[in-house]
file coords14.cif (mmCIF, C-alpha atoms)
data_upload
#
loop_
_atom_site.label_atom_id
_atom_site.label_comp_id
_atom_site.auth_asym_id
_atom_site.auth_seq_id
_atom_site.Cartn_x
_atom_site.Cartn_y
_atom_site.Cartn_z
CA MET A 192 -1.55 -33.04 1.82
CA THR A 193 2.11 -32.39 0.94
CA GLN A 194 1.12 -29.60 -1.43
CA LEU A 195 -1.07 -27.94 1.18
CA LYS A 196 1.71 -28.12 3.77
CA GLU A 197 4.16 -26.58 1.31
CA VAL A 198 1.86 -23.71 0.39
CA ILE A 199 1.03 -23.05 4.05
CA ALA A 200 4.74 -22.91 4.92
CA ASP A 201 5.45 -20.50 2.07
CA LEU A 202 2.44 -18.32 2.86
CA THR A 203 3.63 -18.11 6.47
CA ALA A 204 7.13 -17.13 5.33
CA GLU A 205 5.81 -14.43 2.98
CA CYS A 206 3.68 -12.95 5.76
CA ASP A 207 6.54 -13.08 8.25
CA GLU A 208 8.83 -11.27 5.83
CA LEU A 209 6.32 -8.48 5.31
CA ASP A 210 5.66 -8.31 9.05
CA GLY A 211 9.36 -7.78 9.64
CA LEU A 212 9.32 -4.92 7.14
CA VAL A 213 6.51 -2.96 8.81
CA ALA A 214 6.93 -3.90 12.47
CA GLY A 215 9.57 -1.26 13.17
CA LEU A 216 7.96 1.62 11.28
CA ASP A 217 6.96 4.74 13.18
CA GLY A 218 3.53 6.29 12.76
CA SER A 219 4.61 8.69 10.04
CA ARG A 220 5.84 5.87 7.82
CA TRP A 221 2.57 3.97 8.23
CA ALA A 222 0.99 7.08 6.71
CA LEU A 223 3.25 7.02 3.63
CA GLU A 224 1.42 6.99 0.30
CA THR A 225 1.97 3.81 -1.71
CA PRO A 226 1.76 3.49 -5.51
CA ALA A 227 -1.90 2.45 -5.15
CA PRO A 228 -3.73 5.81 -5.42
CA GLY A 229 -5.15 6.88 -2.07
CA TRP A 230 -3.68 3.95 -0.17
CA THR A 231 -1.09 4.32 2.57
CA VAL A 232 0.98 1.58 4.17
CA ALA A 233 -1.79 1.29 6.77
CA HIS A 234 -4.39 0.77 4.03
CA GLN A 235 -2.33 -2.07 2.59
CA ILE A 236 -2.05 -3.89 5.91
CA GLY A 237 -5.73 -3.26 6.69
CA HIS A 238 -6.72 -4.77 3.36
CA LEU A 239 -4.59 -7.84 3.97
CA SER A 240 -6.09 -8.23 7.42
CA PHE A 241 -9.61 -8.19 5.97
CA VAL A 242 -8.72 -10.70 3.24
CA PHE A 243 -7.17 -13.08 5.78
CA ARG A 244 -10.16 -12.69 8.06
CA ILE A 245 -12.69 -13.76 5.44
CA ALA A 246 -10.42 -16.54 4.12
CA GLY A 247 -10.10 -17.85 7.65
CA LEU A 248 -13.87 -17.84 7.99
CA ALA A 249 -14.21 -19.70 4.68
CA ALA A 250 -11.99 -22.48 5.99
CA SER A 251 -13.21 -22.61 9.60
CA ASP A 252 -16.86 -21.52 9.49
CA PRO A 253 -18.35 -21.74 5.97
CA GLU A 254 -21.78 -20.55 7.08
CA ALA A 255 -20.36 -17.42 8.69
CA PHE A 256 -18.33 -16.79 5.55
CA LYS A 257 -21.42 -17.13 3.36
CA ALA A 258 -23.21 -14.57 5.52
CA VAL A 259 -20.31 -12.12 5.12
CA ALA A 260 -20.16 -12.73 1.37
CA ALA A 261 -23.93 -12.30 1.02
CA GLY A 262 -23.74 -9.05 2.97
CA ALA A 263 -21.20 -7.74 0.49
CA GLY A 264 -23.68 -8.43 -2.32
CA SER A 265 -22.60 -7.30 -5.76
CA ASP A 266 -20.48 -4.44 -4.42
CA PHE A 267 -17.53 -6.34 -2.99
CA ASP A 268 -15.21 -3.39 -3.51
CA GLY A 269 -17.58 -1.27 -1.45
CA ALA A 270 -17.52 -3.88 1.30
CA VAL A 271 -13.72 -3.90 1.24
CA ASN A 272 -13.62 -0.11 1.54
CA ALA A 273 -16.08 -0.19 4.42
CA ALA A 274 -13.95 -2.78 6.18
CA LEU A 275 -10.84 -0.69 5.59
CA ALA A 276 -12.44 2.24 7.37
CA ASP A 277 -12.87 0.03 10.42
CA TYR A 278 -9.26 -1.17 10.35
CA LEU A 279 -7.89 2.33 9.87
CA ARG A 280 -9.48 3.49 13.12
CA HIS A 281 -6.70 1.62 14.91
CA PRO A 282 -3.25 3.09 15.53
CA PRO A 283 -0.42 1.24 13.74
CA ALA A 284 0.52 -1.07 16.63
CA GLU A 285 -3.07 -2.25 17.02
CA LEU A 286 -3.54 -2.61 13.26
CA LEU A 287 -0.42 -4.75 13.05
CA GLY A 288 -1.62 -6.82 15.99
CA ARG A 289 -4.97 -7.37 14.31
CA TRP A 290 -3.32 -8.51 11.09
CA ARG A 291 -1.15 -10.93 13.04
CA GLU A 292 -4.15 -12.41 14.82
CA GLU A 293 -6.29 -12.71 11.71
CA ARG A 294 -3.60 -14.12 9.46
CA THR A 295 -2.60 -16.67 12.13
CA ALA A 296 -6.20 -17.79 12.49
CA CYS A 297 -6.55 -18.00 8.71
CA ILE A 298 -3.37 -19.99 8.17
CA GLU A 299 -4.26 -22.40 10.97
CA ALA A 300 -7.76 -22.90 9.54
CA LEU A 301 -6.43 -23.54 6.02
CA ALA A 302 -3.81 -25.95 7.35
CA ALA A 303 -6.48 -27.90 9.25
CA ALA A 304 -8.93 -28.07 6.33
CA PRO A 305 -9.26 -31.39 4.44
CA PRO A 306 -7.02 -30.81 1.40
CA ASP A 307 -9.44 -32.53 -0.99
CA ARG A 308 -12.54 -30.64 0.17
CA PRO A 309 -13.07 -27.20 -1.43
CA VAL A 310 -14.02 -24.34 0.85
CA PRO A 311 -16.46 -21.59 -0.19
CA TRP A 312 -15.00 -18.48 -1.77
CA LEU A 313 -16.19 -15.34 -3.51
CA VAL A 314 -16.86 -16.79 -6.96
CA ARG A 315 -16.63 -20.55 -6.56
CA PRO A 316 -15.34 -23.00 -3.94
CA LEU A 317 -11.59 -23.53 -3.92
CA PRO A 318 -9.34 -26.25 -2.52
CA PRO A 319 -7.63 -24.90 0.61
CA ALA A 320 -4.21 -25.05 -1.10
CA VAL A 321 -5.48 -22.82 -3.92
CA LEU A 322 -7.00 -20.37 -1.43
CA ALA A 323 -3.64 -20.29 0.36
CA CYS A 324 -2.01 -19.50 -2.99
CA ALA A 325 -4.46 -16.62 -3.39
CA GLY A 326 -3.42 -15.36 0.03
CA LEU A 327 0.22 -15.52 -0.99
CA MET A 328 -0.58 -13.58 -4.17
CA GLU A 329 -2.35 -10.89 -2.12
CA THR A 330 0.55 -10.66 0.33
CA PHE A 331 3.05 -10.43 -2.52
CA ALA A 332 1.07 -7.70 -4.27
CA HIS A 333 0.32 -5.48 -1.30
CA GLY A 334 3.76 -6.13 0.12
CA GLN A 335 5.24 -4.84 -3.13
CA ASP A 336 3.29 -1.60 -2.76
CA ILE A 337 4.71 -1.22 0.74
CA ARG A 338 8.24 -1.95 -0.46
CA ASP A 339 7.87 0.63 -3.20
CA ALA A 340 6.66 3.23 -0.70
CA LEU A 341 9.60 2.50 1.60
CA GLY A 342 12.19 2.16 -1.18
CA VAL A 343 13.04 -1.39 -0.14
CA ALA A 344 14.08 -3.96 -2.75
CA ARG A 345 12.45 -7.38 -2.80
CA THR A 346 14.52 -10.50 -2.36
CA ALA A 347 12.87 -13.03 -4.68
CA ASP A 348 12.26 -16.51 -3.31
CA ASP A 349 11.06 -19.75 -4.89
CA ARG A 350 7.81 -19.49 -2.97
CA LEU A 351 6.78 -17.28 -5.89
CA ARG A 352 5.99 -20.53 -7.73
CA HIS A 353 2.62 -20.50 -5.97
CA VAL A 354 1.87 -17.00 -7.24
CA CYS A 355 2.82 -18.05 -10.77
CA GLY A 356 0.64 -21.15 -10.59
CA PHE A 357 -2.31 -19.16 -9.26
CA ALA A 358 -1.95 -16.62 -12.08
CA VAL A 359 -1.92 -19.41 -14.66
CA LEU A 360 -5.03 -20.92 -13.05
CA THR A 361 -6.81 -17.55 -13.17
CA TRP A 362 -5.49 -16.45 -16.58
CA GLU A 363 -8.99 -15.42 -17.72
CA PHE A 364 -9.45 -12.76 -15.04
CA GLY A 365 -7.92 -10.00 -17.18
CA TYR A 366 -10.42 -10.65 -19.94
CA GLN A 367 -13.36 -10.90 -17.55
CA SER A 368 -12.57 -7.60 -15.83
CA ARG A 369 -12.73 -5.87 -19.22
CA GLY A 370 -15.75 -7.68 -20.64
CA LEU A 371 -13.60 -9.50 -23.21
CA THR A 372 -13.88 -13.07 -24.44
CA PRO A 373 -10.77 -15.16 -23.75
CA PRO A 374 -9.19 -16.78 -26.80
CA GLY A 375 -9.93 -20.46 -27.31
CA THR A 376 -6.29 -21.48 -27.14
CA ALA A 377 -3.93 -22.70 -24.46
CA PHE A 378 -0.82 -20.81 -23.38
CA ARG A 379 2.58 -22.19 -22.49
CA TYR A 380 4.46 -20.46 -19.67
CA GLU A 381 8.19 -20.99 -19.16
CA LEU A 382 9.42 -19.00 -16.17
CA THR A 383 12.87 -18.82 -14.63
CA ALA A 384 12.76 -19.36 -10.88
CA PRO A 385 14.75 -17.11 -8.53
CA SER A 386 16.94 -20.14 -7.77
CA GLY A 387 17.65 -20.59 -11.49
CA GLY A 388 15.39 -23.53 -12.32
CA LEU A 389 12.65 -23.54 -14.94
CA TRP A 390 8.98 -23.61 -14.04
CA THR A 391 6.63 -24.65 -16.83
CA PHE A 392 2.86 -24.52 -17.09
CA GLY A 393 0.57 -25.40 -19.98
CA PRO A 394 0.93 -27.65 -23.03
CA GLU A 395 4.48 -28.07 -24.26
CA ASP A 396 3.39 -27.74 -27.90
CA ALA A 397 1.25 -24.60 -27.41
CA GLN A 398 1.81 -21.95 -30.08
CA GLN A 399 1.08 -19.08 -27.67
CA ARG A 400 4.03 -18.79 -25.26
CA ILE A 401 5.23 -16.52 -22.46
CA THR A 402 8.76 -16.69 -21.11
CA GLY A 403 10.85 -14.71 -18.64
CA PRO A 404 11.78 -14.35 -14.96
CA ALA A 405 9.21 -15.61 -12.48
CA LEU A 406 9.54 -12.44 -10.39
CA ASP A 407 8.73 -10.30 -13.42
CA PHE A 408 5.74 -12.52 -14.16
CA CYS A 409 4.44 -12.06 -10.61
CA LEU A 410 4.89 -8.30 -10.82
CA LEU A 411 2.97 -8.31 -14.10
CA VAL A 412 -0.02 -10.41 -13.00
CA THR A 413 -0.42 -8.37 -9.81
CA ARG A 414 -0.17 -5.21 -11.95
CA ARG A 415 2.65 -3.83 -9.81
CA ARG A 416 4.85 -3.14 -12.84
CA HIS A 417 4.14 -2.21 -16.45
CA ARG A 418 5.10 -4.85 -18.99
CA ASP A 419 7.52 -2.41 -20.65
CA ASP A 420 9.69 -2.55 -17.52
CA LEU A 421 9.77 -6.36 -17.35
CA ALA A 422 11.85 -8.97 -19.15
CA LEU A 423 8.88 -11.01 -20.37
CA THR A 424 8.58 -12.23 -23.93
CA ALA A 425 5.48 -13.34 -25.79
CA VAL A 426 5.23 -15.53 -28.87
CA GLY A 427 1.86 -15.29 -30.63
CA ALA A 428 -0.65 -12.47 -30.88
CA ASP A 429 -2.90 -13.80 -28.11
CA ALA A 430 -0.02 -14.20 -25.67
CA ASP A 431 1.26 -10.72 -26.52
CA ALA A 432 -2.18 -9.21 -25.91
CA TRP A 433 -2.47 -11.11 -22.62
CA LEU A 434 0.65 -9.41 -21.27
CA ASP A 435 -1.22 -6.10 -21.55
CA ILE A 436 -4.21 -7.22 -19.49
CA ALA A 437 -2.98 -10.02 -17.23
CA GLN A 438 -4.19 -9.95 -13.63
CA ALA A 439 -4.39 -12.63 -10.97
CA TYR A 440 -7.28 -11.09 -9.04
CA ARG A 441 -10.95 -10.53 -9.78
CA GLY A 442 -12.60 -7.16 -10.10
CA PRO A 443 -11.55 -3.93 -11.76
CA ALA A 444 -8.04 -3.89 -13.13
CA GLY A 445 -7.34 -0.37 -11.96
CA PRO A 446 -4.89 1.93 -13.74
CA GLY A 447 -1.90 -0.30 -13.09
CA ARG A 448 1.58 1.19 -13.14
CA ARG A 449 3.16 3.51 -15.71
CA PRO A 450 6.16 2.56 -17.84
CA GLY A 451 9.33 3.72 -16.13
CA GLN A 452 7.48 4.62 -12.92
CA PHE A 453 10.00 2.90 -10.68
CA ALA A 454 13.76 3.32 -10.61
CA PRO A 455 15.66 0.13 -9.75
CA VAL A 456 16.14 -0.24 -5.99
CA PRO A 457 19.57 -1.57 -4.91
CA ALA A 458 19.31 -4.99 -3.28
#
call {"tool": "encode", "arguments": {"input": "coords14.cif", "output": "structure tokens"}}
result
Amino acid sequence: MTQLKEVIADLTAECDELDGLVAGLDGSRWALETPAPGWTVAHQIGHLSFVFRIAGLAASDPEAFKAVAAGAGSDFDGAVNAALADYLRHPPAELLGRWREERTACIEALAAAPPDRPVPWLVRPLPPAVLACAGLMETFAHGQDIRDALGVARTADDRLRHVCGFAVLTWEFGYQSRGLTPPGTAFRYELTAPSGGLWTFGPEDAQQRITGPALDFCLLVTRRRHRDDLALTAVGADADAWLDIAQAYRGPAGPGRRPGQFAPVPA
């Protein structure tokens, strides 16, 4: 229960921070193009609203969620795009209001779910704390696109630990999206937290190792920065190859970001 409460608190904080970033934008800035091709700031918030809506259904009404998931069929990306079209019909103030309502309902449903009882999700059932971590990862990723569009630097926070842990849990996604077979070896991850501590995942004696700042790791696994622009180090051929394909979400990897695409933004 403690872990679920912690993740819920950090998910709420991440959402509130992004909300504060977009709440004061005028209509023209909601229409700004983000680094995701074809997606504006409004697209990013609409996508988050849809994700929170279905996650809230998964936690509060599993049968309704299953109906939505079945309706998406094998073309989940198509379903997401169709949902986006619905969200984008709303002017910015209404879109923001809808995201607030749907994320609040989602967070409340996850917080109320029995922590030891998995809830249905797109591929397999997940414990509510893990689904909350997925929501934090989505908010981090799409929030980064919005920050990049607005030229606003991110202030890293230790709530990124949940994004790191989720990426370690889903380390095979990069292989799966490319039809590759994951190597039969464990990785060790040693990541420096924003507060200066060390977060470790995986066997201590693993030969394949990844080290570096936790923020850089999160930017890598959400494919918001190219590995060449990040201070991540790999030991071992498999770990080095993983840095090229890592992603913490299912589905197509997309083109990712180019080396040197982003100039440093002053904090």
call {"tool": "atom_distance", "arguments": {"input": "coords14.cif", "atom1": "CA of Glu205 in chain A", "atom2": "CA of Arg289 in chain A"}}
result
17.2 Å
call {"tool": "closest_residue", "arguments": {"input": "coords14.cif", "among": "A:Leu341, A:Glu363, A:Leu410, A:Met328", "to": "Thr225 in chain A", "atoms": "only C-alpha atoms"}}
result
A:Leu341
call {"tool": "resolve_selection", "arguments": {"input": "coords14.cif", "expression": "the PyMOL selection byres ((chain A and resi 336) around 8)", "output": "PDB file with C-alpha atoms, keeping the file's coordinate frame"}}
result
ATOM      1  CA  THR A 225       1.970   3.810  -1.710  1.00  0.00           C
ATOM      2  CA  PRO A 226       1.760   3.490  -5.510  1.00  0.00           C
ATOM      3  CA  ALA A 227      -1.900   2.450  -5.150  1.00  0.00           C
ATOM      4  CA  VAL A 232       0.980   1.580   4.170  1.00  0.00           C
ATOM      5  CA  GLN A 235      -2.330  -2.070   2.590  1.00  0.00           C
ATOM      6  CA  ALA A 332       1.070  -7.700  -4.270  1.00  0.00           C
ATOM      7  CA  HIS A 333       0.320  -5.480  -1.300  1.00  0.00           C
ATOM      8  CA  GLY A 334       3.760  -6.130   0.120  1.00  0.00           C
ATOM      9  CA  GLN A 335       5.240  -4.840  -3.130  1.00  0.00           C
ATOM     10  CA  ILE A 337       4.710  -1.220   0.740  1.00  0.00           C
ATOM     11  CA  ARG A 338       8.240  -1.950  -0.460  1.00  0.00           C
ATOM     12  CA  ASP A 339       7.870   0.630  -3.200  1.00  0.00           C
ATOM     13  CA  ALA A 340       6.660   3.230  -0.700  1.00  0.00           C
ATOM     14  CA  ARG A 415       2.650  -3.830  -9.810  1.00  0.00           C
TER      15      ARG A 415
END
call {"tool": "residues_around", "arguments": {"input": "coords14.cif", "residues": "Leu275 in chain A", "least_positions_apart": "4", "cutoff": "8 Å", "atoms": "only C-alpha atoms", "output": "list of chain:residue names"}}
result
A:His234, A:Gly237, A:His238, A:Phe241, A:Val271, A:Leu279
call {"tool": "resolve_selection", "arguments": {"input": "coords14.cif", "expression": "the PyMOL selection byres ((chain A and resi 202) around 12)", "output": "PDB file with C-alpha atoms, in the frame of the given file"}}
result
ATOM      1  CA  LEU A 195      -1.070 -27.940   1.180  1.00  0.00           C
ATOM      2  CA  LYS A 196       1.710 -28.120   3.770  1.00  0.00           C
ATOM      3  CA  GLU A 197       4.160 -26.580   1.310  1.00  0.00           C
ATOM      4  CA  VAL A 198       1.860 -23.710   0.390  1.00  0.00           C
ATOM      5  CA  ILE A 199       1.030 -23.050   4.050  1.00  0.00           C
ATOM      6  CA  ALA A 200       4.740 -22.910   4.920  1.00  0.00           C
ATOM      7  CA  ASP A 201       5.450 -20.500   2.070  1.00  0.00           C
ATOM      8  CA  THR A 203       3.630 -18.110   6.470  1.00  0.00           C
ATOM      9  CA  ALA A 204       7.130 -17.130   5.330  1.00  0.00           C
ATOM     10  CA  GLU A 205       5.810 -14.430   2.980  1.00  0.00           C
ATOM     11  CA  CYS A 206       3.680 -12.950   5.760  1.00  0.00           C
ATOM     12  CA  ASP A 207       6.540 -13.080   8.250  1.00  0.00           C
ATOM     13  CA  GLU A 208       8.830 -11.270   5.830  1.00  0.00           C
ATOM     14  CA  LEU A 209       6.320  -8.480   5.310  1.00  0.00           C
ATOM     15  CA  PHE A 243      -7.170 -13.080   5.780  1.00  0.00           C
ATOM     16  CA  ARG A 294      -3.600 -14.120   9.460  1.00  0.00           C
ATOM     17  CA  THR A 295      -2.600 -16.670  12.130  1.00  0.00           C
ATOM     18  CA  CYS A 297      -6.550 -18.000   8.710  1.00  0.00           C
ATOM     19  CA  ILE A 298      -3.370 -19.990   8.170  1.00  0.00           C
ATOM     20  CA  GLU A 299      -4.260 -22.400  10.970  1.00  0.00           C
ATOM     21  CA  LEU A 301      -6.430 -23.540   6.020  1.00  0.00           C
ATOM     22  CA  ALA A 302      -3.810 -25.950   7.350  1.00  0.00           C
ATOM     23  CA  ALA A 320      -4.210 -25.050  -1.100  1.00  0.00           C
ATOM     24  CA  VAL A 321      -5.480 -22.820  -3.920  1.00  0.00           C
ATOM     25  CA  LEU A 322      -7.000 -20.370  -1.430  1.00  0.00           C
ATOM     26  CA  ALA A 323      -3.640 -20.290   0.360  1.00  0.00           C
ATOM     27  CA  CYS A 324      -2.010 -19.500  -2.990  1.00  0.00           C
ATOM     28  CA  ALA A 325      -4.460 -16.620  -3.390  1.00  0.00           C
ATOM     29  CA  GLY A 326      -3.420 -15.360   0.030  1.00  0.00           C
ATOM     30  CA  LEU A 327       0.220 -15.520  -0.990  1.00  0.00           C
ATOM     31  CA  MET A 328      -0.580 -13.580  -4.170  1.00  0.00           C
ATOM     32  CA  GLU A 329      -2.350 -10.890  -2.120  1.00  0.00           C
ATOM     33  CA  THR A 330       0.550 -10.660   0.330  1.00  0.00           C
ATOM     34  CA  PHE A 331       3.050 -10.430  -2.520  1.00  0.00           C
ATOM     35  CA  ASP A 348      12.260 -16.510  -3.310  1.00  0.00           C
ATOM     36  CA  ASP A 349      11.060 -19.750  -4.890  1.00  0.00           C
ATOM     37  CA  ARG A 350       7.810 -19.490  -2.970  1.00  0.00           C
ATOM     38  CA  LEU A 351       6.780 -17.280  -5.890  1.00  0.00           C
ATOM     39  CA  ARG A 352       5.990 -20.530  -7.730  1.00  0.00           C
ATOM     40  CA  HIS A 353       2.620 -20.500  -5.970  1.00  0.00           C
ATOM     41  CA  VAL A 354       1.870 -17.000  -7.240  1.00  0.00           C
TER      42      VAL A 354
END
call {"tool": "resolve_selection", "arguments": {"input": "coords14.cif", "expression": "the PyMOL selection byres ((chain A and resi 418-432) around 8)", "output": "NGL selection string"}}
result
:A and (374 or 378 or 398-404 or 407-408 or 411 or 416-417 or 433-436 or 450-451)
call {"tool": "closest_atom_pairs", "arguments": {"input": "coords14.cif", "of": "range 302-406 of chain A", "to": "range 437-440 of chain A", "cutoff": "7 Å", "atoms": "only C-alpha atoms", "output": "tab-separated table"}}
result
residue	atom	partner	partner_atom	distance
A:Ala358	CA	A:Ala439	CA	4.8
A:Thr361	CA	A:Ala439	CA	5.9
A:Trp362	CA	A:Ala439	CA	6.9
A:Phe364	CA	A:Gln438	CA	6.1
A:Gly365	CA	A:Ala437	CA	4.9
call {"tool": "atom_distance", "arguments": {"input": "coords14.cif", "atom1": "CA of Ala304 in chain A", "atom2": "CA of Pro319 in chain A"}}
result
6.7 Å
call {"tool": "atom_distance", "arguments": {"input": "coords14.cif", "atom1": "CA of Gly393 in chain A", "atom2": "CA of Ala347 in chain A"}}
result
23.2 Å
call {"tool": "closest_residue", "arguments": {"input": "coords14.cif", "among": "A:Gly445, A:Ala454, A:Pro316, A:Glu285", "to": "Val343 in chain A", "atoms": "all atoms listed in the file"}}
result
A:Ala454
call {"tool": "closest_residue", "arguments": {"input": "coords14.cif", "among": "A:Gly356, A:Pro306, A:Gly218, A:Gly269", "to": "Pro282 in chain A", "atoms": "all atoms listed in the file"}}
result
A:Gly218
call {"tool": "closest_residue", "arguments": {"input": "coords14.cif", "among": "A:Gly387, A:Gly247, A:Pro228, A:Pro373", "to": "Val310 in chain A", "atoms": "all atoms listed in the file"}}
result
A:Gly247
call {"tool": "closest_residue", "arguments": {"input": "coords14.cif", "among": "A:Glu395, A:Asp252, A:Asp307, A:Glu293", "to": "Ile236 in chain A", "atoms": "all atoms listed in the file"}}
result
A:Glu293
call {"tool": "axis_aligned_box", "arguments": {"input": "coords14.cif", "around": "range 391-406 of chain A", "padding_each_side": "5 Å", "output": "lines of an AutoDock Vina configuration file"}}
result
center_x = 6.2
center_y = -20.3
center_z = -20.2
size_x = 21.2
size_y = 25.6
size_z = 29.7
call {"tool": "build_atoms", "arguments": {"input": "coords14.cif", "residues": "range 326-345 of chain A", "atoms": "N, CA, C and O atoms", "output": "PDB file, in the coordinates of the input"}}
result
ATOM      1  N   GLY A 326      -3.912 -16.177  -1.061  1.00  0.00           N
ATOM      2  CA  GLY A 326      -3.420 -15.360   0.030  1.00  0.00           C
ATOM      3  C   GLY A 326      -1.969 -14.948  -0.169  1.00  0.00           C
ATOM      4  O   GLY A 326      -1.579 -13.817   0.141  1.00  0.00           O
ATOM      5  N   LEU A 327      -1.176 -15.852  -0.718  1.00  0.00           N
ATOM      6  CA  LEU A 327       0.220 -15.520  -0.990  1.00  0.00           C
ATOM      7  C   LEU A 327       0.308 -14.460  -2.078  1.00  0.00           C
ATOM      8  O   LEU A 327       1.118 -13.531  -2.000  1.00  0.00           O
ATOM      9  N   MET A 328      -0.537 -14.585  -3.103  1.00  0.00           N
ATOM     10  CA  MET A 328      -0.580 -13.580  -4.170  1.00  0.00           C
ATOM     11  C   MET A 328      -0.945 -12.210  -3.600  1.00  0.00           C
ATOM     12  O   MET A 328      -0.320 -11.195  -3.930  1.00  0.00           O
ATOM     13  N   GLU A 329      -1.947 -12.160  -2.726  1.00  0.00           N
ATOM     14  CA  GLU A 329      -2.350 -10.890  -2.120  1.00  0.00           C
ATOM     15  C   GLU A 329      -1.217 -10.294  -1.284  1.00  0.00           C
ATOM     16  O   GLU A 329      -0.952  -9.087  -1.340  1.00  0.00           O
ATOM     17  N   THR A 330      -0.545 -11.144  -0.521  1.00  0.00           N
ATOM     18  CA  THR A 330       0.550 -10.660   0.330  1.00  0.00           C
ATOM     19  C   THR A 330       1.703 -10.161  -0.521  1.00  0.00           C
ATOM     20  O   THR A 330       2.320  -9.129  -0.219  1.00  0.00           O
ATOM     21  N   PHE A 331       2.000 -10.876  -1.588  1.00  0.00           N
ATOM     22  CA  PHE A 331       3.050 -10.430  -2.520  1.00  0.00           C
ATOM     23  C   PHE A 331       2.697  -9.068  -3.099  1.00  0.00           C
ATOM     24  O   PHE A 331       3.527  -8.146  -3.120  1.00  0.00           O
ATOM     25  N   ALA A 332       1.476  -8.927  -3.582  1.00  0.00           N
ATOM     26  CA  ALA A 332       1.070  -7.700  -4.270  1.00  0.00           C
ATOM     27  C   ALA A 332       1.080  -6.497  -3.341  1.00  0.00           C
ATOM     28  O   ALA A 332       1.679  -5.452  -3.647  1.00  0.00           O
ATOM     29  N   HIS A 333       0.406  -6.616  -2.206  1.00  0.00           N
ATOM     30  CA  HIS A 333       0.320  -5.480  -1.300  1.00  0.00           C
ATOM     31  C   HIS A 333       1.660  -5.239  -0.595  1.00  0.00           C
ATOM     32  O   HIS A 333       2.000  -4.094  -0.272  1.00  0.00           O
ATOM     33  N   GLY A 334       2.417  -6.304  -0.403  1.00  0.00           N
ATOM     34  CA  GLY A 334       3.760  -6.130   0.120  1.00  0.00           C
ATOM     35  C   GLY A 334       4.658  -5.377  -0.838  1.00  0.00           C
ATOM     36  O   GLY A 334       5.516  -4.592  -0.415  1.00  0.00           O
ATOM     37  N   GLN A 335       4.444  -5.578  -2.147  1.00  0.00           N
ATOM     38  CA  GLN A 335       5.240  -4.840  -3.130  1.00  0.00           C
ATOM     39  C   GLN A 335       4.913  -3.350  -3.065  1.00  0.00           C
ATOM     40  O   GLN A 335       5.818  -2.506  -3.160  1.00  0.00           O
ATOM     41  N   ASP A 336       3.661  -3.017  -2.904  1.00  0.00           N
ATOM     42  CA  ASP A 336       3.290  -1.600  -2.760  1.00  0.00           C
ATOM     43  C   ASP A 336       3.992  -0.976  -1.553  1.00  0.00           C
ATOM     44  O   ASP A 336       4.464   0.170  -1.602  1.00  0.00           O
ATOM     45  N   ILE A 337       4.043  -1.727  -0.461  1.00  0.00           N
ATOM     46  CA  ILE A 337       4.710  -1.220   0.740  1.00  0.00           C
ATOM     47  C   ILE A 337       6.203  -1.073   0.495  1.00  0.00           C
ATOM     48  O   ILE A 337       6.818  -0.064   0.866  1.00  0.00           O
ATOM     49  N   ARG A 338       6.814  -2.049  -0.149  1.00  0.00           N
ATOM     50  CA  ARG A 338       8.240  -1.950  -0.460  1.00  0.00           C
ATOM     51  C   ARG A 338       8.525  -0.737  -1.341  1.00  0.00           C
ATOM     52  O   ARG A 338       9.516  -0.033  -1.146  1.00  0.00           O
ATOM     53  N   ASP A 339       7.668  -0.516  -2.310  1.00  0.00           N
ATOM     54  CA  ASP A 339       7.870   0.630  -3.200  1.00  0.00           C
ATOM     55  C   ASP A 339       7.756   1.940  -2.425  1.00  0.00           C
ATOM     56  O   ASP A 339       8.508   2.885  -2.667  1.00  0.00           O
ATOM     57  N   ALA A 340       6.818   2.011  -1.501  1.00  0.00           N
ATOM     58  CA  ALA A 340       6.660   3.230  -0.700  1.00  0.00           C
ATOM     59  C   ALA A 340       7.881   3.474   0.183  1.00  0.00           C
ATOM     60  O   ALA A 340       8.287   4.624   0.389  1.00  0.00           O
ATOM     61  N   LEU A 341       8.469   2.395   0.688  1.00  0.00           N
ATOM     62  CA  LEU A 341       9.600   2.500   1.600  1.00  0.00           C
ATOM     63  C   LEU A 341      10.939   2.532   0.874  1.00  0.00           C
ATOM     64  O   LEU A 341      11.975   2.788   1.503  1.00  0.00           O
ATOM     65  N   GLY A 342      10.936   2.226  -0.437  1.00  0.00           N
ATOM     66  CA  GLY A 342      12.190   2.160  -1.180  1.00  0.00           C
ATOM     67  C   GLY A 342      13.020   0.951  -0.817  1.00  0.00           C
ATOM     68  O   GLY A 342      14.253   1.011  -0.779  1.00  0.00           O
ATOM     69  N   VAL A 343      12.359  -0.163  -0.550  1.00  0.00           N
ATOM     70  CA  VAL A 343      13.040  -1.390  -0.140  1.00  0.00           C
ATOM     71  C   VAL A 343      12.944  -2.414  -1.269  1.00  0.00           C
ATOM     72  O   VAL A 343      11.847  -2.705  -1.764  1.00  0.00           O
ATOM     73  N   ALA A 344      14.077  -2.961  -1.675  1.00  0.00           N
ATOM     74  CA  ALA A 344      14.080  -3.960  -2.750  1.00  0.00           C
ATOM     75  C   ALA A 344      13.550  -5.290  -2.239  1.00  0.00           C
ATOM     76  O   ALA A 344      13.688  -5.636  -1.060  1.00  0.00           O
ATOM     77  N   ARG A 345      12.935  -6.041  -3.136  1.00  0.00           N
ATOM     78  CA  ARG A 345      12.450  -7.380  -2.800  1.00  0.00           C
ATOM     79  C   ARG A 345      13.545  -8.410  -3.050  1.00  0.00           C
ATOM     80  O   ARG A 345      14.246  -8.355  -4.070  1.00  0.00           O
TER      81      ARG A 345
END
